[in-house]
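Trainee: One structure, as structure tokens, below. Some questions next.
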Amino acid sequence: MTKRSDAIVKGRDRAAARAMLRATGMGDENFAGPIIAVFNTWTNMGPCNMDLDKLAVPVRAGIRAAGGTPVDFNSIAISDGITMGSEGMRASLMSREVIADSIELAVKGHSLDGVIVLVSCDKTIPAAAMALARMNVPGVVLYGGSIMPGNHKGKDLSVQDVFEAVGACAAGIIDDEELKDIEKAACPGAGACGGQFTANSMAMAMTFLGLSPMGANDVPAVSDDKNASAYRAGQIVVECVNEKRLPRDMITQQSLMNAAIALSATAASTNAILHLLAIASEAEIDTFNIDAFDTISRSTPVIGDLKPGGKYMAFDLYAAGGSGLIGQRLVDAKMIEDQKTVTGRSLFTEIAEAKEAKGQDVVRRFDDPVKSRGGYGILYGDLAPEGCVVKLAGHGALFFEGTARVFESEEACFEVVQNNGIKKGDVVIIRNEGPAGGPGMREMLGVTAALVGQNLADHVALITDGRFSGASYGFVIGHVAPEAAHGGPIAHIRDGDKVTIDVEGQTINVDADLAERAKDWTPPKPKYPSGAYAKFAKLVGSASKGAVTSFPFSN
């Protein structure tokens with residue numbers, strides 16, 4: 001056998017398989033060349049993924065032009081923005097594992113030669129990279145692209161503004177009519193959420209990992225240039241098969257560092273930490289760990305003036321010069337290293353071709369950064385022996401001390417926030433929302449945005465064993481591990497405890513004897529006795545290692 005798909009199309013004993021494939025329109029010429037999975041995460045449940053079915057058309061054409069045969073598969077996609085704050089948000093992180101598993105089963109089950117994965121909303125992107133890393137079958141990740149900005153009263157909007165408007169309305173800063181106007185204007189059409197939130201953060205990560213062609217993921221969903229980039233991506237995946245370019249050639253310790261550096265330089269979503277750790281796990285790279293993000297952040301100023309903490313959106317970055325322009329700044333500063341990419345050309349070669357728009361101020365230079373410190377911090381201490389993640393986008397505070405306000409769920413906290421029950425100096429603790437305890441590690445955008453809308457973002461801290469949306473900002477700390485459901489210290493904190501957060505010192509401590517309290521602790525009853533949620537809760541690992549379910553190091 002000379003190619004993977006020979007296992008289903010070559011030899012006398014595969015006559016029945018060929019007969020079935022002939023029914024789909026294939027013939028001898030198709031059996032001779034590579035068979036490529038076009039794995040789509042299309043759904044019209046939300047704007048992010050709703051045009052991916054259209055994007056598959058030029059992808060297929062590119063595959064055929066390069067001598068391959070495209071075959072289509074589809075998986076689920078959970079809209080983070082739509083499910084945010086609801087029970088359904090528990091499914092978001094779970095979907096990452098299901099999508100990765102679906103890709104593996106489709107590709108390996110049919111012995112396909114390669115795969116291109118069309119992705120958009122948050123978890124579809126890391127899922128694609130995780131599957132490629134796990135299988136090490138030639139593949140490309142293609143992002144459907146960002147949404148265009150909405151506009152209300154001359155101000156560009158994203159869905160972030162709607163969440164914040166909910167808090168402003170609760171605080172009486174705007175009325176219901178103004179909230180409705182913002183709601184109607186924020187999302188003008190197809191594409192993923194428009195700031196440097198999780199989708200755009202992970203799309204950039206795919207580029208710096210070398211799994212996506214430089215510039216392809218920058219193109220907005222509704223741009224006239226999108227089809228051309230999709231056609232070329234289809235050609236590239238066939239080239240990867242023919243030239244034996246494998247995902248693990250691209251996913252290395254250094255490329256993971258490159259991606260983390262680019263994300264820190266753009267104050268990207270903290271979810272990127274969870275997902276890069278998961279990708280590293282699938283690639284069996286155990287030397288890339290959570291501490292890398294703190295080291296990187298301390299030495300990588302923020303140069304991308306992007307939402308949620310900055311002024312601009314993904315479309316503005318595309319117009320300014322895209323990921324390649326970020327790369328040029330990093331190369332000039334000698335902050336990243338060269339590596340292989342799916343195009344067959346090196347990362348630095350691709351970066352060199354980026355063109356900076358005259359007069360742009362979306363991407364600054366390192367001698368004039370948006371912030372002198374990168375977008376993340378990793379903390380340890382009484383509350384998080386395995387570590388936790390602090391997001392530094394949108395504020396410059398590196399120290400906070402306050403009094404604990406403890407909530408057993410996101411809903412319980414949100415109700416108090418909406419009733420203006422959180423005050424300056426509070427340290428809001430939301431527990432039992434971790435990977436297993438949630439289950440599903442929900443994002444707390446509803447709570448953080450409401451606090452922003454009430455002008456409390458700089459005056460309270462929020463700590464959770466759950467996650468935060470890429471659109472969240474303020475003094476927020478997530479991924480606390482061990483989580484409450486596993487008896488982590490966050491399970492034992494009480495109202496009124498004094499909490500001290502020191503980002504420079506990398507500590508998060510509580511003035512209480514949490515170990516003594518732990519003696520009386522009993523594990524909570526699982527929220528779901530059976531089904532997908534129960535399965536995930538039983539299998540998922542620590543957030544400090546990416547919250548994966550695939551046991552990459554079990555052997």
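Ordered as shown in the structure tokens, chains take letters A, B, and onward, while each chain numbers its residues from 1 and ligands are numbered from 1 in the order shown.
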List the spatial neighbours of A:Tyr312 as a compact mmCIF listing (two decimals) with C-alpha atoms, in the first residue's frame - criterion: any atom at most 10 Å away, only C-alpha atoms, same-chain residues fewer than 5 positions off excluded.

Mentor:
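File result30.txt, as written:
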# COMPACT_ATOMS: atom_id res chain seq x y z
CA PRO A 149 -18.53 44.90 13.42
CA ASP A 156 -18.57 49.64 16.45
CA LEU A 157 -20.17 46.78 18.38
CA GLY A 194 -15.43 39.96 16.47
CA GLY A 195 -12.85 40.75 19.15
CA GLN A 196 -9.71 38.91 20.23
CA GLY A 304 -2.41 44.39 19.63
CA ASP A 305 -4.95 47.03 20.66
CA LEU A 306 -7.86 44.62 20.44
CA LYS A 307 -11.12 44.04 22.25
CA LEU A 317 -6.53 43.64 12.48
CA ASP A 361 -2.56 51.82 14.81
CA VAL A 362 -4.14 48.44 15.57
CA VAL A 363 -0.72 46.80 16.00

Trainee: Can you pull out every residue within 7 Å of stretch 288-296 of chain A, counting only C-alpha atoms, but drop anything in the same chain fewer than 4 positions away, and send it as a PyMOL selection string?

Mentor: chain A and resi 253+260-261+277+280+300+376-378+544

Trainee: Could you write out, as JSON, numbers by chain, all the residues of stretch 207-396 of chain A that DSSP marks as strand (DSSP E)?

Mentor: {"A": [376, 377, 378, 379, 380, 381, 384, 385, 386, 387, 388, 389, 390, 391]}

Trainee: Of the candidates A:Ala461, A:Ala61, A:Met444, A:Ala23, which one gets nearest to A:Ala228 if we count only C-alpha atoms?

Mentor: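 Once distances to A:Ala228 are computed over only C-alpha atoms, the minimum belongs to A:Ala61.
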
Trainee: In stretch 208-286 of chain A, what's helix (DSSP H, G or I) per DSSP? Answer as a ChimeraX atom specification?

Mentor: /A:208-209,216-218,226-242,247-250,253-264,271-282

Trainee: Print the selection's residues with C-alpha atoms to a file, as a tab-separated table (two decimals), in the first residue's frame.

Mentor:
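This is the output file result-v2.tsv:
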chain	number	residue	atom	x	y	z
A	208	PHE	CA	1.42	30.29	14.58
A	209	LEU	CA	1.27	26.53	15.13
A	216	ALA	CA	-6.21	32.52	5.62
A	217	ASN	CA	-7.78	32.73	9.05
A	218	ASP	CA	-7.62	36.53	9.13
A	226	LYS	CA	-12.63	34.08	1.57
A	227	ASN	CA	-13.33	31.69	-1.30
A	228	ALA	CA	-9.84	32.12	-2.75
A	229	SER	CA	-8.21	31.31	0.58
A	230	ALA	CA	-10.49	28.26	0.95
A	231	TYR	CA	-9.62	27.00	-2.55
A	232	ARG	CA	-5.91	27.31	-1.78
A	233	ALA	CA	-6.39	25.51	1.56
A	234	GLY	CA	-7.98	22.61	-0.35
A	235	GLN	CA	-4.93	22.40	-2.57
A	236	ILE	CA	-2.58	22.57	0.39
A	237	VAL	CA	-4.11	19.57	2.17
A	238	VAL	CA	-3.47	17.41	-0.91
A	239	GLU	CA	0.10	18.72	-1.02
A	240	CYS	CA	0.48	17.75	2.64
A	241	VAL	CA	-0.51	14.18	1.75
A	242	ASN	CA	1.72	13.96	-1.30
A	247	PRO	CA	0.80	17.67	12.04
A	248	ARG	CA	3.48	16.68	14.54
A	249	ASP	CA	6.06	18.21	12.21
A	250	MET	CA	4.29	21.48	12.95
A	253	GLN	CA	7.42	22.63	21.85
A	254	GLN	CA	8.64	25.68	19.93
A	255	SER	CA	5.50	26.19	17.85
A	256	LEU	CA	3.38	25.99	21.00
A	257	MET	CA	5.62	28.66	22.51
A	258	ASN	CA	5.28	30.75	19.33
A	259	ALA	CA	1.50	30.53	19.51
A	260	ALA	CA	1.45	31.41	23.22
A	261	ILE	CA	3.72	34.41	22.59
A	262	ALA	CA	1.52	35.72	19.77
A	263	LEU	CA	-1.56	35.32	21.96
A	264	SER	CA	0.05	37.07	24.91
A	271	ASN	CA	-9.26	29.83	27.03
A	272	ALA	CA	-6.23	29.67	24.74
A	273	ILE	CA	-4.21	28.43	27.70
A	274	LEU	CA	-6.61	25.54	28.28
A	275	HIS	CA	-6.66	24.67	24.58
A	276	LEU	CA	-2.92	24.90	23.89
A	277	LEU	CA	-2.32	22.63	26.88
A	278	ALA	CA	-4.86	20.20	25.43
A	279	ILE	CA	-3.18	20.29	22.01
A	280	ALA	CA	0.20	19.68	23.65
A	281	SER	CA	-1.28	16.71	25.51
A	282	GLU	CA	-2.63	15.21	22.29

Trainee: Which polymer residues have any atom within 7 Å of an atom of stretch 365-371 of chain A, counting only C-alpha atoms, with same-chain residues fewer than 6 positions away left out, as number ranges by chain?

Mentor: A: 301-303, 305, 329
